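Undergrad: Let me give you the structure first, and then I'll get to my questions.
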Amino acid sequence: MAKPVRALLGDIWFRCHVCECEIFRDREVKLNSSGMEFLKLAWADESATGLICWDCGYSICS
């Protein structure tokens, strides 16, 4: 099971846009591009950290 995490942006703790919660689950999100998808190289695309609100489930990609 995912562990709760908090996200710091500069010197401000990030909050959920929906419920104002400060606790999230994180996961890797692939940033697929159409060119790489066309060439069947999507696995090589960059990735970002996705945050999913612990309380309401709203998801954000940072």
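In the structure tokens, chains take the letters A, B, ... in the order shown, each chain's residues start at 1, and ligands count up from 1 in the order shown.
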Neighbours of A:Arg25 within 12 Å (only C-alpha atoms; same-chain residues fewer than 6 positions away dropped), as a ChimeraX atom specification?

TA: /A:1-7,16,49-61

Undergrad: Distance atom CA of A:Cys19-atom CA of A:Glu46, one decimal place?

TA: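 So the answer is 29.4 Å.
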
Undergrad: For atom CA of A:Phe14 and atom CA of A:Glu28, quote the distance in Å rounded to one decimal.

TA: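 Result for atom CA of A:Phe14 versus atom CA of A:Glu28: 17.8 Å, one decimal.
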